[in-house]
Structure formats: C-alpha cells, structure tokens
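A.B. asks: Enclosed is the structure file final_18.cif (mmCIF, C-alpha atoms).
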```cif
data_start
loop_
_atom_site.group_PDB
_atom_site.id
_atom_site.type_symbol
_atom_site.label_atom_id
_atom_site.label_comp_id
_atom_site.auth_asym_id
_atom_site.auth_seq_id
_atom_site.Cartn_x
_atom_site.Cartn_y
_atom_site.Cartn_z
ATOM 1 C CA MET A 224 0.000 0.000 0.000
ATOM 2 C CA THR A 225 1.414 3.399 -0.924
ATOM 3 C CA ARG A 226 1.834 6.145 1.648
ATOM 4 C CA ALA A 227 -0.992 8.180 0.158
ATOM 5 C CA ALA A 228 -3.338 5.223 0.205
ATOM 6 C CA ALA A 229 -2.373 4.408 3.785
ATOM 7 C CA LEU A 230 -2.989 8.010 4.812
ATOM 8 C CA ARG A 231 -6.343 7.999 3.047
ATOM 9 C CA THR A 232 -7.364 4.824 4.846
ATOM 10 C CA THR A 233 -6.246 6.278 8.156
ATOM 11 C CA LEU A 234 -8.182 9.474 7.512
ATOM 12 C CA VAL A 235 -11.366 7.610 6.653
ATOM 13 C CA ASP A 236 -10.991 5.450 9.741
ATOM 14 C CA ALA A 237 -10.302 8.475 11.928
ATOM 15 C CA GLY A 238 -13.165 10.297 10.271
ATOM 16 C CA TRP A 239 -15.916 7.935 11.280
ATOM 17 C CA ARG A 240 -14.441 7.504 14.755
ATOM 18 C CA GLY A 241 -14.288 11.280 15.118
ATOM 19 C CA ALA A 242 -17.891 11.564 13.946
ATOM 20 C CA LEU A 243 -18.933 9.005 16.534
ATOM 21 C CA LEU A 244 -17.065 10.852 19.288
ATOM 22 C CA THR A 245 -18.829 14.043 18.205
ATOM 23 C CA VAL A 246 -22.224 12.340 18.359
ATOM 24 C CA VAL A 247 -21.414 11.076 21.857
ATOM 25 C CA GLY A 248 -20.403 14.599 22.858
ATOM 26 C CA LEU A 249 -23.546 16.139 21.370
ATOM 27 C CA ALA A 250 -25.795 13.607 23.083
ATOM 28 C CA ALA A 251 -24.045 14.244 26.401
ATOM 29 C CA ALA A 252 -24.372 17.999 25.823
ATOM 30 C CA LEU A 253 -28.094 17.987 25.148
ATOM 31 C CA GLY A 254 -28.767 15.518 27.945
ATOM 32 C CA TYR A 255 -26.745 17.511 30.457
ATOM 33 C CA ASN A 256 -28.414 20.760 29.428
ATOM 34 C CA ALA A 257 -31.831 19.174 29.830
ATOM 35 C CA VAL A 258 -31.253 17.955 33.376
ATOM 36 C CA ARG A 259 -29.227 20.793 34.845
ATOM 37 C CA LYS A 260 -31.044 23.449 36.857
ATOM 38 C CA ASP A 261 -29.485 26.372 34.944
ATOM 39 C CA GLY A 262 -29.828 24.840 31.488
ATOM 40 C CA ILE A 263 -30.462 27.364 28.706
ATOM 41 C CA PRO A 264 -32.985 27.148 25.856
ATOM 42 C CA CYS A 265 -31.155 26.058 22.730
ATOM 43 C CA PHE A 266 -33.599 27.423 20.171
ATOM 44 C CA ASP A 267 -35.390 30.386 21.748
ATOM 45 C CA TYR A 268 -32.262 32.181 22.799
ATOM 46 C CA GLU A 269 -32.259 35.955 22.503
ATOM 47 C CA PRO A 270 -28.762 37.486 22.243
ATOM 48 C CA PRO A 271 -28.179 40.112 24.943
ATOM 49 C CA THR A 272 -28.844 43.803 24.313
ATOM 50 C CA SER A 273 -27.112 45.048 27.433
ATOM 51 C CA CYS A 274 -24.347 47.647 27.534
ATOM 52 C CA SER A 275 -21.731 44.905 27.879
ATOM 53 C CA ALA A 276 -22.887 43.470 24.574
ATOM 54 C CA GLU A 277 -22.696 46.912 22.961
ATOM 55 C CA ALA A 278 -19.204 47.399 24.282
ATOM 56 C CA SER A 279 -18.208 44.223 22.499
ATOM 57 C CA ARG A 280 -19.473 45.388 19.139
ATOM 58 C CA PRO A 281 -17.354 47.483 16.816
ATOM 59 C CA GLN A 282 -17.726 51.186 17.641
ATOM 60 C CA PRO A 283 -19.219 52.891 14.597
ATOM 61 C CA GLU A 284 -17.771 56.252 13.667
ATOM 62 C CA VAL A 285 -19.675 59.339 14.804
ATOM 63 C CA GLY A 286 -18.729 62.416 12.802
ATOM 64 C CA VAL A 287 -18.973 66.083 13.697
ATOM 65 C CA VAL A 288 -20.824 68.800 11.769
ATOM 66 C CA SER A 289 -20.498 72.526 12.378
ATOM 67 C CA PRO A 290 -23.593 74.736 12.744
ATOM 68 C CA GLU A 291 -22.835 76.457 9.409
ATOM 69 C CA GLU A 292 -22.565 73.138 7.575
ATOM 70 C CA LEU A 293 -25.792 71.879 9.136
ATOM 71 C CA ALA A 294 -27.594 75.100 8.226
ATOM 72 C CA HIS A 295 -26.738 74.405 4.575
ATOM 73 C CA GLU A 296 -28.267 70.927 4.788
ATOM 74 C CA CYS A 297 -31.727 72.081 5.826
ATOM 75 C CA ASP A 298 -33.236 71.038 2.493
ATOM 76 C CA ASN A 299 -31.795 67.521 2.773
ATOM 77 C CA GLY A 300 -34.891 65.338 2.891
ATOM 78 C CA GLY A 301 -32.891 62.374 4.156
ATOM 79 C CA LEU A 302 -31.678 64.224 7.260
ATOM 80 C CA VAL A 303 -33.067 63.998 10.775
ATOM 81 C CA VAL A 304 -31.863 66.412 13.465
ATOM 82 C CA ALA A 305 -32.417 65.050 16.966
ATOM 83 C CA ASP A 306 -32.388 67.012 20.223
ATOM 84 C CA THR A 307 -31.188 65.102 23.307
ATOM 85 C CA ARG A 308 -31.984 67.790 25.879
ATOM 86 C CA SER A 309 -34.886 67.744 28.314
ATOM 87 C CA GLU A 310 -38.413 68.371 27.045
ATOM 88 C CA GLU A 311 -38.462 71.644 28.922
ATOM 89 C CA ARG A 312 -35.368 72.967 27.211
ATOM 90 C CA PHE A 313 -36.589 71.618 23.869
ATOM 91 C CA SER A 314 -39.857 73.512 24.202
ATOM 92 C CA MET A 315 -38.024 76.725 25.125
ATOM 93 C CA GLY A 316 -36.058 76.603 21.891
ATOM 94 C CA HIS A 317 -34.605 74.077 19.514
ATOM 95 C CA ILE A 318 -33.175 73.870 16.022
ATOM 96 C CA ALA A 319 -35.996 74.424 13.553
ATOM 97 C CA GLY A 320 -37.237 71.085 12.317
ATOM 98 C CA ALA A 321 -35.465 69.043 15.022
ATOM 99 C CA VAL A 322 -37.191 66.138 16.748
ATOM 100 C CA HIS A 323 -36.901 65.464 20.444
ATOM 101 C CA LEU A 324 -35.244 62.308 21.721
ATOM 102 C CA PRO A 325 -36.015 60.840 25.118
ATOM 103 C CA CYS A 326 -33.246 61.771 27.523
ATOM 104 C CA SER A 327 -31.477 58.416 27.511
ATOM 105 C CA ALA A 328 -30.818 56.232 24.523
ATOM 106 C CA SER A 329 -32.693 53.303 26.048
ATOM 107 C CA ASP A 330 -34.139 50.405 24.050
ATOM 108 C CA ASP A 331 -37.519 52.197 23.931
ATOM 109 C CA ALA A 332 -35.842 55.339 22.671
ATOM 110 C CA ALA A 333 -34.043 53.325 20.023
ATOM 111 C CA ARG A 334 -37.405 51.991 18.801
ATOM 112 C CA VAL A 335 -38.816 55.524 18.610
ATOM 113 C CA VAL A 336 -35.743 56.708 16.761
ATOM 114 C CA GLY A 337 -35.994 53.717 14.468
ATOM 115 C CA SER A 338 -39.418 54.853 13.309
ATOM 116 C CA LEU A 339 -38.183 58.439 12.868
ATOM 117 C CA LEU A 340 -35.193 57.291 10.827
ATOM 118 C CA ASP A 341 -37.112 55.034 8.486
ATOM 119 C CA GLY A 342 -35.905 55.899 4.988
ATOM 120 C CA LYS A 343 -33.387 58.487 6.190
ATOM 121 C CA GLN A 344 -29.661 58.449 5.575
ATOM 122 C CA ASP A 345 -28.397 61.129 7.915
ATOM 123 C CA LEU A 346 -28.804 61.778 11.630
ATOM 124 C CA VAL A 347 -27.399 64.774 13.470
ATOM 125 C CA VAL A 348 -27.620 64.646 17.241
ATOM 126 C CA TYR A 349 -27.220 67.684 19.451
ATOM 127 C CA GLY A 350 -27.408 68.570 23.128
ATOM 128 C CA GLU A 351 -26.679 71.740 25.029
ATOM 129 C CA THR A 352 -23.035 70.947 24.327
ATOM 130 C CA GLU A 353 -21.235 68.543 22.014
ATOM 131 C CA ALA A 354 -20.051 66.429 24.957
ATOM 132 C CA GLU A 355 -23.633 65.973 26.126
ATOM 133 C CA ALA A 356 -24.790 64.605 22.795
ATOM 134 C CA ARG A 357 -21.859 62.367 21.914
ATOM 135 C CA PRO A 358 -22.706 59.350 24.154
ATOM 136 C CA VAL A 359 -26.271 59.377 22.852
ATOM 137 C CA ALA A 360 -25.024 59.603 19.259
ATOM 138 C CA GLU A 361 -22.640 56.678 19.813
ATOM 139 C CA ALA A 362 -25.357 54.565 21.416
ATOM 140 C CA LEU A 363 -27.719 55.286 18.537
ATOM 141 C CA ALA A 364 -24.983 54.577 15.984
ATOM 142 C CA ARG A 365 -24.564 51.123 17.519
ATOM 143 C CA ARG A 366 -28.289 50.379 17.433
ATOM 144 C CA THR A 367 -29.159 51.697 13.983
ATOM 145 C CA GLU A 368 -28.341 50.554 10.463
ATOM 146 C CA PRO A 369 -24.648 50.866 9.520
ATOM 147 C CA ALA A 370 -25.642 52.790 6.375
ATOM 148 C CA LEU A 371 -26.982 55.666 8.513
ATOM 149 C CA ARG A 372 -24.478 58.497 8.899
ATOM 150 C CA VAL A 373 -24.524 59.716 12.500
ATOM 151 C CA ARG A 374 -22.980 63.058 13.416
ATOM 152 C CA VAL A 375 -22.828 65.316 16.438
ATOM 153 C CA LEU A 376 -23.376 69.056 16.195
ATOM 154 C CA GLN A 377 -20.147 70.853 16.978
ATOM 155 C CA GLY A 378 -20.606 73.106 19.989
ATOM 156 C CA GLY A 379 -24.137 71.862 20.623
ATOM 157 C CA PHE A 380 -27.259 74.034 20.707
ATOM 158 C CA GLN A 381 -25.256 76.798 22.369
ATOM 159 C CA ALA A 382 -23.113 77.215 19.249
ATOM 160 C CA TRP A 383 -26.191 77.073 16.971
ATOM 161 C CA ALA A 384 -28.017 79.747 18.971
ATOM 162 C CA GLN A 385 -24.926 81.959 19.271
ATOM 163 C CA GLN A 386 -24.637 82.061 15.499
ATOM 164 C CA GLY A 387 -28.249 83.195 15.209
ATOM 165 C CA LEU A 388 -29.293 80.215 13.109
ATOM 166 C CA ALA A 389 -32.942 79.126 12.697
ATOM 167 C CA CYS A 390 -34.664 78.126 15.903
ATOM 168 C CA ALA A 391 -38.169 77.101 16.782
ATOM 169 C CA SER A 392 -39.965 76.656 20.071
ATOM 170 C CA GLY A 393 -42.813 74.557 21.366
ATOM 171 C CA GLY A 394 -43.188 71.208 23.101
ATOM 172 C CA CYS A 395 -42.302 67.891 21.508
ATOM 173 C CA PRO A 396 -44.998 65.836 19.826
ATOM 174 C CA ARG A 397 -45.723 62.524 21.573
ATOM 175 C CA HIS A 398 -44.377 59.590 19.581
ATOM 176 C CA GLU A 399 -46.020 56.208 19.919
ATOM 177 C CA GLY A 400 -43.987 54.073 22.277
ATOM 178 C CA ALA A 401 -41.949 56.962 23.706
ATOM 179 C CA PRO A 402 -41.384 56.730 27.481
ATOM 180 C CA MET B 35 17.819 -0.177 11.757
ATOM 181 C CA ILE B 36 18.748 1.388 15.101
ATOM 182 C CA HIS B 37 18.460 4.822 13.508
ATOM 183 C CA SER B 38 14.989 3.921 12.267
ATOM 184 C CA GLU B 39 13.937 2.641 15.699
ATOM 185 C CA ARG B 40 15.127 5.844 17.300
ATOM 186 C CA LEU B 41 13.173 7.900 14.808
ATOM 187 C CA ASP B 42 10.086 5.797 15.472
ATOM 188 C CA ARG B 43 10.454 6.294 19.214
ATOM 189 C CA LEU B 44 10.959 10.016 18.732
ATOM 190 C CA ALA B 45 7.877 10.206 16.530
ATOM 191 C CA THR B 46 5.807 8.262 19.051
ATOM 192 C CA PHE B 47 6.998 10.408 21.944
ATOM 193 C CA THR B 48 6.335 13.634 20.021
ATOM 194 C CA SER B 49 2.886 12.474 19.071
ATOM 195 C CA LEU B 50 2.171 11.556 22.698
ATOM 196 C CA ALA B 51 3.420 14.918 23.977
ATOM 197 C CA LEU B 52 1.309 16.814 21.466
ATOM 198 C CA ARG B 53 -1.753 14.740 22.253
ATOM 199 C CA VAL B 54 -1.346 15.421 25.972
ATOM 200 C CA LEU B 55 -0.877 19.128 25.279
ATOM 201 C CA LEU B 56 -4.025 19.288 23.139
ATOM 202 C CA ALA B 57 -5.984 17.258 25.694
ATOM 203 C CA LEU B 58 -4.989 19.600 28.516
ATOM 204 C CA VAL B 59 -5.856 22.693 26.464
ATOM 205 C CA PHE B 60 -9.290 21.313 25.665
ATOM 206 C CA LEU B 61 -9.903 20.129 29.229
ATOM 207 C CA PHE B 62 -9.090 23.606 30.553
ATOM 208 C CA ALA B 63 -11.293 25.070 27.837
ATOM 209 C CA ALA B 64 -14.290 22.812 28.467
ATOM 210 C CA PHE B 65 -14.756 23.052 32.235
ATOM 211 C CA PRO B 66 -15.289 26.817 32.667
ATOM 212 C CA LYS B 67 -17.698 26.835 29.750
ATOM 213 C CA LEU B 68 -19.624 23.877 31.158
ATOM 214 C CA ALA B 69 -19.874 25.685 34.488
ATOM 215 C CA ASP B 70 -21.271 28.898 32.981
ATOM 216 C CA THR B 71 -22.968 28.106 29.691
ATOM 217 C CA ARG B 72 -25.044 31.276 29.727
ATOM 218 C CA THR B 73 -21.988 33.549 29.702
ATOM 219 C CA PHE B 74 -20.432 31.416 26.975
ATOM 220 C CA ALA B 75 -23.602 31.833 24.885
ATOM 221 C CA GLU B 76 -23.357 35.606 25.296
ATOM 222 C CA GLN B 77 -19.716 35.562 24.273
ATOM 223 C CA ILE B 78 -20.572 33.562 21.154
ATOM 224 C CA SER B 79 -23.308 36.041 20.235
ATOM 225 C CA TYR B 80 -20.773 38.881 20.357
ATOM 226 C CA TYR B 81 -18.995 37.289 17.388
ATOM 227 C CA ASP B 82 -22.080 38.234 15.405
ATOM 228 C CA LEU B 83 -21.936 35.137 13.189
ATOM 229 C CA TRP B 84 -25.260 33.429 13.821
ATOM 230 C CA PRO B 85 -26.438 34.922 17.118
ATOM 231 C CA GLN B 86 -29.670 32.915 17.103
ATOM 232 C CA VAL B 87 -27.785 29.634 17.459
ATOM 233 C CA SER B 88 -25.411 30.951 20.131
ATOM 234 C CA ALA B 89 -27.144 28.960 22.837
ATOM 235 C CA LEU B 90 -27.100 25.731 20.846
ATOM 236 C CA VAL B 91 -23.403 26.159 20.109
ATOM 237 C CA ALA B 92 -22.659 27.069 23.732
ATOM 238 C CA VAL B 93 -24.476 23.969 24.976
ATOM 239 C CA THR B 94 -22.845 21.531 22.564
ATOM 240 C CA ILE B 95 -19.252 22.675 22.134
ATOM 241 C CA PRO B 96 -17.877 22.161 25.687
ATOM 242 C CA PRO B 97 -19.020 18.524 26.040
ATOM 243 C CA VAL B 98 -17.630 17.719 22.595
ATOM 244 C CA GLU B 99 -14.337 19.318 23.686
ATOM 245 C CA LEU B 100 -14.430 17.248 26.863
ATOM 246 C CA VAL B 101 -15.111 13.961 25.071
ATOM 247 C CA ALA B 102 -12.339 14.673 22.562
ATOM 248 C CA ALA B 103 -9.877 15.580 25.323
ATOM 249 C CA ILE B 104 -10.590 12.402 27.280
ATOM 250 C CA ALA B 105 -10.312 10.303 24.143
ATOM 251 C CA LEU B 106 -6.935 11.891 23.354
ATOM 252 C CA LEU B 107 -5.639 10.753 26.722
ATOM 253 C CA VAL B 108 -7.113 7.338 27.386
ATOM 254 C CA ALA B 109 -8.835 5.913 24.303
ATOM 255 C CA PRO B 110 -7.280 3.178 22.147
ATOM 256 C CA ARG B 111 -5.026 4.491 19.408
ATOM 257 C CA PRO B 112 -7.534 4.439 16.504
ATOM 258 C CA TRP B 113 -9.922 6.496 18.616
ATOM 259 C CA GLN B 114 -7.151 8.918 19.485
ATOM 260 C CA ARG B 115 -6.785 9.673 15.787
ATOM 261 C CA GLY B 116 -10.531 10.270 15.625
ATOM 262 C CA ALA B 117 -10.250 12.631 18.573
ATOM 263 C CA LEU B 118 -7.419 14.484 16.816
ATOM 264 C CA LEU B 119 -9.708 15.035 13.853
ATOM 265 C CA VAL B 120 -12.433 16.373 16.140
ATOM 266 C CA VAL B 121 -9.968 18.727 17.827
ATOM 267 C CA PHE B 122 -8.633 19.821 14.434
ATOM 268 C CA THR B 123 -12.139 20.586 13.192
ATOM 269 C CA LEU B 124 -13.043 22.527 16.318
ATOM 270 C CA LEU B 125 -9.847 24.552 16.127
ATOM 271 C CA CYS B 126 -10.519 25.409 12.485
ATOM 272 C CA LEU B 127 -14.017 26.597 13.400
ATOM 273 C CA PHE B 128 -12.740 28.658 16.340
ATOM 274 C CA THR B 129 -10.000 30.184 14.204
ATOM 275 C CA TYR B 130 -12.526 31.149 11.532
ATOM 276 C CA ALA B 131 -14.730 32.799 14.155
ATOM 277 C CA VAL B 132 -11.821 34.737 15.649
ATOM 278 C CA LEU B 133 -10.492 35.735 12.230
ATOM 279 C CA GLN B 134 -13.823 37.083 10.981
ATOM 280 C CA ALA B 135 -14.310 38.990 14.247
ATOM 281 C CA TYR B 136 -10.833 40.479 13.946
ATOM 282 C CA VAL B 137 -11.325 41.466 10.298
ATOM 283 C CA ARG B 138 -14.700 43.072 11.109
ATOM 284 C CA GLY B 139 -13.214 44.980 14.036
ATOM 285 C CA ILE B 140 -15.299 43.221 16.667
ATOM 286 C CA ASP B 141 -13.516 43.753 19.953
ATOM 287 C CA THR B 142 -14.656 40.961 22.215
ATOM 288 C CA GLU B 143 -13.344 38.335 24.569
ATOM 289 C CA CYS B 144 -12.358 35.131 22.846
ATOM 290 C CA GLY B 145 -14.513 33.043 25.206
ATOM 291 C CA CYS B 146 -12.105 30.157 24.605
ATOM 292 C CA PHE B 147 -11.529 29.433 28.292
ATOM 293 C CA GLY B 148 -14.629 31.038 29.785
ATOM 294 C CA SER B 149 -14.917 34.691 30.735
ATOM 295 C CA GLY B 150 -12.058 37.038 31.564
ATOM 296 C CA GLY B 151 -9.710 35.576 29.019
ATOM 297 C CA GLU B 152 -7.841 36.747 25.956
ATOM 298 C CA ARG B 153 -9.460 39.043 23.483
ATOM 299 C CA VAL B 154 -9.844 38.479 19.769
ATOM 300 C CA GLY B 155 -6.676 39.451 17.956
ATOM 301 C CA ILE B 156 -3.463 38.345 16.306
ATOM 302 C CA PRO B 157 -2.039 36.560 19.391
ATOM 303 C CA LYS B 158 -5.132 34.367 19.579
ATOM 304 C CA LEU B 159 -4.886 33.582 15.876
ATOM 305 C CA ILE B 160 -1.227 32.629 16.245
ATOM 306 C CA GLU B 161 -2.063 30.473 19.248
ATOM 307 C CA ASN B 162 -4.780 28.664 17.304
ATOM 308 C CA ALA B 163 -2.479 28.197 14.324
ATOM 309 C CA GLY B 164 0.037 26.559 16.640
ATOM 310 C CA LEU B 165 -2.583 24.198 18.047
ATOM 311 C CA ILE B 166 -3.784 23.294 14.559
ATOM 312 C CA ALA B 167 -0.201 22.543 13.568
ATOM 313 C CA ALA B 168 0.146 20.388 16.700
ATOM 314 C CA CYS B 169 -2.953 18.433 15.644
ATOM 315 C CA VAL B 170 -1.633 17.801 12.174
ATOM 316 C CA ILE B 171 1.812 16.771 13.385
ATOM 317 C CA ALA B 172 0.412 14.480 16.074
ATOM 318 C CA PHE B 173 -1.873 12.827 13.509
ATOM 319 C CA LEU B 174 0.915 12.265 10.995
ATOM 320 C CA LEU B 175 3.336 10.960 13.617
ATOM 321 C CA GLU B 176 0.836 8.514 15.136
ATOM 322 C CA PRO B 177 2.054 4.958 14.613
ATOM 323 C CA ARG B 178 -0.168 3.079 12.192
ATOM 324 C CA ARG B 179 0.160 -0.239 14.075
#
```
What is this structure when it is put down as structure tokens?

C.D. replies:
Amino acid sequence: MTRAAALRTTLVDAGWRGALLTVVGLAAALGYNAVRKDGIPCFDYEPPTSCSAEASRPQPEVGVVSPEELAHECDNGGLVVADTRSEERFSMGHIAGAVHLPCSASDDAARVVGSLLDGKQDLVVYGETEAEARPVAEALARRTEPALRVRVLQGGFQAWAQQGLACASGGCPRHEGAP
Amino acid sequence: MIHSERLDRLATFTSLALRVLLALVFLFAAFPKLADTRTFAEQISYYDLWPQVSALVAVTIPPVELVAAIALLVAPRPWQRGALLVVFTLLCLFTYAVLQAYVRGIDTECGCFGSGGERVGIPKLIENAGLIAACVIAFLLEPRR
C-alpha cells in the first residue's frame, strides 16, 4: 500500500471515529443541558442587548458637523436632526425642524428613533453641548443601520443659537412608544 | 535499523506529547464553559456570526471538547486519531470565528476558556495556528500499528 493510500485509509478510519465521538459529545451535551437546573434554551435564545454586549461590538464612527454646515443641509430630505436635551429645554427653543429624543438612549428610545429614521440616511444629534450629545449619538450609531451616517453638532445648541441660526420653540410631539 | 527505531520512538513520543498538550488545552477550555454556559452563549453572540444559534453552540461545544480531550488521553489508538480530527475541526471553526471577528473589528473576549480571558486578535490567531499545527503533526506521527 502506498503512503498516500495508507494516509487515506487512516483518515477515513479516523473520520468515522471522530464523527462518533462528536455524536457522543452532542448527546451528552443535550442531555446535560436538559437535566441541569441552569440549562439554557437552545432554540429560543435571545442574544443580549445590554451595555456589555454593545461594548463588544465594533464602535461605529460618529462624525462632527459645524452649525454652518448643518444650516446648509436644511433642504436635505434624508436628514433627521435630533435634540437630546430635556423636554423643557426643547420647548423653550430648539433647532428648527429638530425632533426630540427621550433623555437616555434606552431600548424604547431606540425603537422611537428607528421609526423616525425610516428611509433616512443622515442623523445629526445635538445637546446643550457637544459632549452631552456624543454618548447618545454613539449609542444610537450602535443600534441603527450601519448605512446611517450619524454626526454630532459641533458646539451643541449653544453654538447654533450663538450664530443666530434658525430656531423654533414649542413642546415635543408625543411619539407612539416613547417613554 | 537502530536509527529507524530511534526515529520511530521520537515520533511516538512527540505524538504523545502533542496529544497530551491538546488534551490539557481542551480540558481547561471545556470546564469553565460547562460551568457557565449562559456567559459562553453571550460571548458567542458577540462574534455576530449566527447569534440565534449561540445557545445551541454554547451547549454543545464544551461537552464535545471534553469527550475529545478524554479520548486523546485514554482511548485506544484508533480512537485517538478520531479525537485528533475532532480537535482539528473545532480549532478550524474557532479560528474562523476569531479571524472574521478580527477582520470586522469586533472587539470581544475570545470566550475560549470562559470569561475574563484573551481578546480576539493576532495573538489568539497565532495560538490557534500553533494548536492546529500540533494536531496535524500528532496525527501524521501517530504509529499506524
């Protein structure tokens, strides 16, 4: 018998033995999982959506846009501008056309935002300052489609207002499912 | 003749040493994951391959690792070769998972030895490549008698 033939025979022999060992292991696995107190459901498992899971996902890039640049994008139909400040501050004055986000980017908030962003390509998030809005923008960037461009307004609402750009006032409309 | 016998003994000893090494690695890998299957399932889901089967994979992989490790140590020789194939296959699967996570920029724990271990990256890939090489060498050096 040539070396190649001998190796082939050995591989085939090892193959079925390995398959049998795997079957034994699988049977032991399913049996053990069935009898143990902390066994987990094999087929109805929901992957976690906790912060620790988010921290393990790749951090999508969140860009920055200046107030002047944003002012020039007002006629962009695919753009959503989102305000992360409190409802009270939103009603006192916000960027014209902006929508109000719930204060924290919770799972409920992400669902509300999801409905707002349907069909949109661009999201600009702002708070009183840039630092205030950035964590919310990053959390939303992780939860939304990768094709959505997420940016933070440079300088926040303070910078927008200081430059005398378009503002509106009035309370936020209630969105279905918003907390 | 003596030279050939020495080579045979060296090959047998090397194969034995590699088998023991692989068995120990897989034993140390299996037990923490058996003890905390839920965390292992979470770690698998972070790889973002097929998150919906994370639990099934988490439940089945550690016992298969355990059976293969025991077979590498104590089973008759033909079954040891079968166990080497199982270990080789598992290592290839793990390496693929780590590689695709690394390429996609997924920063997560490997989950190879339970929680708190190495993260996905080049060192883990090199480690896995070494273990795969050990499998292949041990298989080829196994006496055919």

A.B. asks: Apply the PyMOL selection byres ((chain A and resi 262) around 10) to the displayed file and report the matching residues as a list in words.

C.D. replies: Leu253, Tyr255, Asn256, Ala257, Val258, Arg259, Lys260, Asp261, Ile263, Pro264 and Cys265 of chain A; Asp70, Thr71, Arg72, Ala89 and Val93 of chain B

A.B. asks: Just say which residues the PyMOL selection byres ((chain B) within 9 of (chain A)) picks in this file, as a ChimeraX atom specification.

C.D. replies: /B:70-72,75-77,79-82,85-102,105,112-120,138-143,174,178

A.B. asks: So that I can check the surroundings of A:Asp345, please list as a count of residues only every protein, DNA and RNA residue that reaches within 9 Å of it, counting all atoms listed in the file and ignoring chain neighbours fewer than 5 positions away.

C.D. replies: 11

A.B. asks: If you measure from atom CA of B:Phe62 to atom CA of B:Leu50, what distance in Å do you get, rounded to one decimal?

C.D. replies: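 Separation between atom CA of B:Phe62 and atom CA of B:Leu50: 18.3 Å.
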
A.B. asks: Calculate how many Å separate atom CA of B:Leu58 from atom CA of B:Phe173, rounding to one decimal.

C.D. replies: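 Interatomic distance, atom CA of B:Leu58 to atom CA of B:Phe173: 16.8 Å.
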
A.B. asks: Could you check which of A:Ala382, A:Val375, A:Ala391, A:Leu346 is closest to A:Pro358, using only C-alpha atoms?

C.D. replies: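 Nearest to A:Pro358: A:Val375.
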
A.B. asks: Evaluated on this file, the PyMOL selection byres ((chain B and resi 124-130) around 9) picks out some residues - which ones are they, written as a PyMOL selection string?

C.D. replies: chain B and resi 95+99+119-123+131-135+146+158-159+162-163+165-166

A.B. asks: Please, what distance in Å, to one decimal, runs between atom CA of B:Ala57 and atom CA of B:Val108?

C.D. replies: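 We find that atom CA of B:Ala57 and atom CA of B:Val108 lie 10.1 Å from each other.
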
A.B. asks: Mind checking which residues fall within 12 Å of B:Leu44, counting all atoms listed in the file, ignoring those fewer than 4 positions away in the same chain, and posting them as an NGL selection string?

C.D. replies: :B and (37-40 or 48-51 or 172 or 175-177)

A.B. asks: Let me make sure I understand: among A:Ile318, A:Leu324, A:Leu339, A:Ala360, which one has the smallest atom-to-atom distance to A:Leu388 if we use all atoms listed in the file?

C.D. replies: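 Looking at the shortest contact to A:Leu388, the residue is A:Ile318.
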
A.B. asks: Choose the residue, out of A:Ala389, A:Glu296, A:Ala228, A:Ala305, that has the smallest atom-to-atom separation from A:Leu363; count only C-alpha atoms.

C.D. replies: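 Of A:Ala389, A:Glu296, A:Ala228, A:Ala305, the one nearest A:Leu363 is A:Ala305, counting only C-alpha atoms.
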
A.B. asks: With only C-alpha atoms as the atoms that count, which of B:Cys144, B:Val170, B:Ile104, B:Leu41 lies nearest to B:Val59?

C.D. replies: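 Of the candidates, the smallest distance to B:Val59 is held by B:Ile104.
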